[in-house]
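Below is one structure, written out as structure tokens; comments come after it.
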Amino acid sequence: MNKLQLFTKGIVKENPIFVLLLGLCPTLATTTSAINGMSMGLATLFVLVLSNMAISAIAPRVPDKVHIPVYIVVIATFVTVLQFVMQAWTPVIYKTLGLFIPLIVVNCIVLGRAEAFANQNGIIDSALDGLGQGMGFTFSLTVLGLVREVLGSGSVFGLKFISGDGILAFVMAPGAFLCLGYLMVLFNKFLKK
Amino acid sequence: MEYFLIIISAIFVNNIMLAQFLGTCPFIGVSNKLSTATGMSGAVTFVITLATLVTWLINKYLLITFHLEFLQTIAFILVIAALVQVVEIVLKKISPALYQALGIYLPLITTNCAVLGVAINVVTKEFSFGGGPAHLLNLPETIVYAFATALGYGLAMILFAGLREHLELNDVPKAFRGVPIAFITVGILALAFMGFSGIV
């Protein structure tokens with residue numbers, strides 16, 4: 001597998017949301033608008049790349065019995081770093097995403113990539129894999145956020161194109177499930193082979 | 001009265017699954033059958049209540065006392081992982097029957113974000129019930145809130161498992177089969193739960 005494939009497989013073929021069904025909680029909760037979805041995706045991408053690199057570097061020295069707790073601590077450390085960075089530079093987004101930033105620790109994508117890829121591959125390959133998966137995740141969240149924003153508040157990336165409100169249910173909980181369900185149907189129909 | 005409001009709010013109005021989206025992966029994963037859904041709800045209720053109690057105490061008497069609040073995420077996830085292990089060992093010893101019933105679901109719970117979510121929520125978020133002033137929960141309120149939240153998760157999961165068993169028998173179009181139709185069903189269930197908003 002060449003380097004480009006490592007990077008691109010996360011976007012369609014092994015898309016974390018639509019194919020692997022990982023990390024669904026932040027996907028549903030933070031996609032009230034395209035911007036929020038994208039920020040959540042980028043935050044996860046940050047943790048994913050760094051933890052993949054760190055884990056691929058330490059994996060050969062970690063005893064097999066304790067590898068899950070060790071990985072979780074590594075991931076939790078990068079999440080804490082991310083919390084500091086976001087508090088300092090993007091306090092508004094940090095507040096909007098709220099609980100779901102610390103919850104990146106238990107996002108199955110991050111631990112999943114550590115288990116399935118990073119612990120048996122080199123640092124650069126792991127970084128590319130993290131980048132690809134992170135991009136696939138960000139892409140899915142942005143699309144879902146965009147659909148919900150268009151239907152729910154009648155705007156695109158914060159720019160309103162109708163006066164008044166949209167269909168409010170779409171920015172609330174039921175809309176998240178419905179939109180994700182229908183997007184999965186479209187994905188199955190047209191992209192998954 | 002206030003405890004009653006906490007319970008109603010946590011189970012119906014702010015249902016952890018249908019309104020707050022915590023714990024989606026196991027929700028979709030184990031809700032194929034009613035019996036597994038019931039087992040998982042039992043295990044989750046047990047762990048959420050215990051984990052929230054322990055992390056609340058750790059936060060108050062360790063992290064805040066020594067000004068280590070920034071370690072919250074790391075400390076909480078370690079506590080939860082350790083706790084799940086301990087619960088597993090203790091249950092195996094004192095109640096093999098319960099261990100048999102919950103056994104396979106216990107290790108899965110470490111990565112259920114509902115557990116970490118509730119633990120972080122109760123120490124960072126200010127709650128207000130029935131128009132009262134917003135405040136951080138004290139210990140008895142925390143326990144009631146955690147327990148009720150977990151019951152709400154169980155309720156959603158058991159309801160959904162019941163629906164999904166019927167769904168199996170229907171002729172669903174190919175692209176909708178499996179997870180997509182499950183999500184659309186949860187969406188309708190969430191729509192029904194929206195009817196509860198505003199009662200507390």
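Simple scheme: letters A, B, ... for chains in structure tokens order, numbers from 1 for residues in each chain, numbers from 1 for ligands in the order shown.
The chain A residues that come within 6 Å of chain B are Cys25, Ala29, Ala76, Val106, Ala173, Pro174, Phe177, Leu178, Gly181, Met184, Val185, Asn188 and Lys189 of chain A, with only C-alpha atoms taken into account.
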Resulting file, chosen residues, N, CA, C and O atoms, as a PDB file, in the first residue's frame:
```pdb
ATOM      1  N   CYS A  25     -21.140   9.294  18.799  1.00  0.00           N
ATOM      2  CA  CYS A  25     -21.700  10.274  19.745  1.00  0.00           C
ATOM      3  C   CYS A  25     -21.380  11.707  19.347  1.00  0.00           C
ATOM      4  O   CYS A  25     -22.284  12.514  19.184  1.00  0.00           O
ATOM      5  N   ALA A  29     -23.961  14.712  18.155  1.00  0.00           N
ATOM      6  CA  ALA A  29     -24.192  15.797  19.102  1.00  0.00           C
ATOM      7  C   ALA A  29     -23.685  17.148  18.615  1.00  0.00           C
ATOM      8  O   ALA A  29     -24.280  18.172  18.916  1.00  0.00           O
ATOM      9  N   ALA A  76      -5.510  10.392  26.474  1.00  0.00           N
ATOM     10  CA  ALA A  76      -6.037  11.377  27.424  1.00  0.00           C
ATOM     11  C   ALA A  76      -5.084  12.565  27.564  1.00  0.00           C
ATOM     12  O   ALA A  76      -5.508  13.709  27.719  1.00  0.00           O
ATOM     13  N   VAL A 106     -12.741   8.809  24.806  1.00  0.00           N
ATOM     14  CA  VAL A 106     -13.450   7.540  24.616  1.00  0.00           C
ATOM     15  C   VAL A 106     -14.035   7.417  23.212  1.00  0.00           C
ATOM     16  O   VAL A 106     -14.886   6.576  22.966  1.00  0.00           O
ATOM     17  N   ALA A 173     -32.309  16.995  18.643  1.00  0.00           N
ATOM     18  CA  ALA A 173     -31.898  15.591  18.642  1.00  0.00           C
ATOM     19  C   ALA A 173     -32.489  14.728  17.523  1.00  0.00           C
ATOM     20  O   ALA A 173     -31.738  14.025  16.834  1.00  0.00           O
ATOM     21  N   PRO A 174     -33.799  14.752  17.276  1.00  0.00           N
ATOM     22  CA  PRO A 174     -34.331  13.816  16.278  1.00  0.00           C
ATOM     23  C   PRO A 174     -33.707  14.016  14.908  1.00  0.00           C
ATOM     24  O   PRO A 174     -33.425  13.046  14.196  1.00  0.00           O
ATOM     25  N   PHE A 177     -30.416  12.076  14.259  1.00  0.00           N
ATOM     26  CA  PHE A 177     -30.560  10.660  13.932  1.00  0.00           C
ATOM     27  C   PHE A 177     -31.104  10.479  12.516  1.00  0.00           C
ATOM     28  O   PHE A 177     -30.597   9.658  11.741  1.00  0.00           O
ATOM     29  N   LEU A 178     -32.156  11.260  12.192  1.00  0.00           N
ATOM     30  CA  LEU A 178     -32.778  11.105  10.871  1.00  0.00           C
ATOM     31  C   LEU A 178     -31.792  11.426   9.763  1.00  0.00           C
ATOM     32  O   LEU A 178     -31.636  10.664   8.807  1.00  0.00           O
ATOM     33  N   GLY A 181     -29.122   8.793   9.413  1.00  0.00           N
ATOM     34  CA  GLY A 181     -29.717   7.602   8.809  1.00  0.00           C
ATOM     35  C   GLY A 181     -29.841   7.741   7.304  1.00  0.00           C
ATOM     36  O   GLY A 181     -29.386   6.876   6.556  1.00  0.00           O
ATOM     37  N   MET A 184     -26.507   7.822   5.494  1.00  0.00           N
ATOM     38  CA  MET A 184     -25.941   6.471   5.384  1.00  0.00           C
ATOM     39  C   MET A 184     -26.572   5.719   4.220  1.00  0.00           C
ATOM     40  O   MET A 184     -25.890   4.984   3.504  1.00  0.00           O
ATOM     41  N   VAL A 185     -27.880   5.908   4.050  1.00  0.00           N
ATOM     42  CA  VAL A 185     -28.570   5.262   2.931  1.00  0.00           C
ATOM     43  C   VAL A 185     -27.949   5.727   1.616  1.00  0.00           C
ATOM     44  O   VAL A 185     -27.606   4.906   0.746  1.00  0.00           O
ATOM     45  N   ASN A 188     -24.508   4.192   1.188  1.00  0.00           N
ATOM     46  CA  ASN A 188     -24.607   2.782   0.799  1.00  0.00           C
ATOM     47  C   ASN A 188     -24.968   2.631  -0.670  1.00  0.00           C
ATOM     48  O   ASN A 188     -24.476   1.767  -1.369  1.00  0.00           O
ATOM     49  N   LYS A 189     -25.875   3.500  -1.098  1.00  0.00           N
ATOM     50  CA  LYS A 189     -26.419   3.381  -2.447  1.00  0.00           C
ATOM     51  C   LYS A 189     -25.372   3.754  -3.501  1.00  0.00           C
ATOM     52  O   LYS A 189     -25.224   3.082  -4.513  1.00  0.00           O
TER      53      LYS A 189
END
```
Excluding same-chain residues fewer than 4 positions from Ser39 in chain A, what lies within 10 Å of it counting only C-alpha atoms, as a short mmCIF file (atom, residue, chain, number, x, y, z; two decimals) with C-alpha atoms, in the first residue's frame?
```cif
data_model
loop_
_atom_site.label_atom_id
_atom_site.label_comp_id
_atom_site.auth_asym_id
_atom_site.auth_seq_id
_atom_site.Cartn_x
_atom_site.Cartn_y
_atom_site.Cartn_z
CA THR A 30 -21.96 18.47 17.60
CA THR A 31 -23.28 18.71 14.04
CA ALA A 34 -21.42 22.96 9.47
CA ILE A 35 -18.91 25.05 11.42
CA ALA A 43 -10.21 18.63 17.07
CA THR A 44 -10.44 14.86 16.70
CA LEU A 45 -7.97 14.94 13.79
CA ILE A 93 -15.73 26.95 19.91
CA TYR A 94 -14.40 25.26 23.05
CA THR A 96 -19.90 25.31 22.11
CA LEU A 97 -18.42 21.82 21.82
CA THR A 138 -14.10 15.84 9.51
CA LEU A 141 -19.22 15.74 10.22
CA THR A 142 -19.12 18.79 7.97
#
```
Check: CA of Leu151 in chain B to CA of Ile11 in chain B: how many Å, to one decimal?
Finding: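 If I compute the distance from CA of Leu151 in chain B to CA of Ile11 in chain B, I get 6.5 Å.
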Requested in this report: Return the single residue from A:Tyr182, A:Phe139, A:Phe100, A:Phe117 that is closest to Pro26 in chain A, with distances computed using only C-alpha atoms.
Outcome: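 Checking each of A:Tyr182, A:Phe139, A:Phe100, A:Phe117 against Pro26 in chain A, counting only C-alpha atoms, the winner is A:Phe100.
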- [ ] Considering only C-alpha atoms, return as a ChimeraX atom specification whatever protein or nucleic-acid residues lie within 12 Å of Leu106 in chain B, sequence-local ones (same chain, fewer than 3 positions apart) excluded.
- [x] /B:26,39-48,80-89,91-92,98-103,109-112
Given the selection you just returned, output its residues as a file containing C-alpha atoms, formatted as a compact mmCIF listing (two decimals), in the first residue's frame.
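Once everything was written out, this is part28.txt:
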```
# COMPACT_ATOMS: atom_id res chain seq x y z
CA PRO B 26 -23.23 0.36 22.42
CA GLY B 39 -28.24 -7.08 30.32
CA MET B 40 -26.34 -4.09 29.02
CA SER B 41 -28.70 -1.61 30.73
CA GLY B 42 -28.18 -3.38 34.04
CA ALA B 43 -24.41 -3.26 33.72
CA VAL B 44 -24.41 0.38 32.62
CA THR B 45 -26.69 1.47 35.48
CA PHE B 46 -24.40 -0.18 37.97
CA VAL B 47 -21.19 1.29 36.54
CA ILE B 48 -22.51 4.81 35.88
CA ILE B 80 -13.46 4.37 35.26
CA ALA B 81 -11.19 1.80 33.64
CA ALA B 82 -9.93 0.62 37.02
CA LEU B 83 -13.42 0.57 38.47
CA VAL B 84 -14.78 -1.59 35.67
CA GLN B 85 -11.98 -4.08 36.32
CA VAL B 86 -12.66 -4.09 40.07
CA VAL B 87 -16.39 -4.49 39.57
CA GLU B 88 -15.70 -7.42 37.31
CA ILE B 89 -13.44 -9.14 39.84
CA LEU B 91 -18.86 -9.62 40.98
CA LYS B 92 -17.15 -12.80 39.87
CA LEU B 98 -24.99 -11.60 38.24
CA TYR B 99 -21.51 -11.86 36.74
CA GLN B 100 -22.78 -14.42 34.29
CA ALA B 101 -25.63 -12.14 33.34
CA LEU B 102 -23.54 -8.96 32.96
CA GLY B 103 -20.16 -10.54 32.28
CA ILE B 109 -18.43 -0.15 29.35
CA THR B 110 -15.01 1.51 29.76
CA THR B 111 -15.37 3.00 26.30
CA ASN B 112 -19.04 3.89 26.70
```
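Here CA of Gly154 in chain B stands at a distance of 25.7 Å from CA of Phe18 in chain A.
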*Run DSSP on the backbone and grab whatever in chain A lands in helix (DSSP H, G or I); send it over as number ranges by chain.*
A: 3-8, 24-29, 34-61, 64-89, 91-100, 102-106, 108-116, 118-120, 123-153, 168-170, 173-190
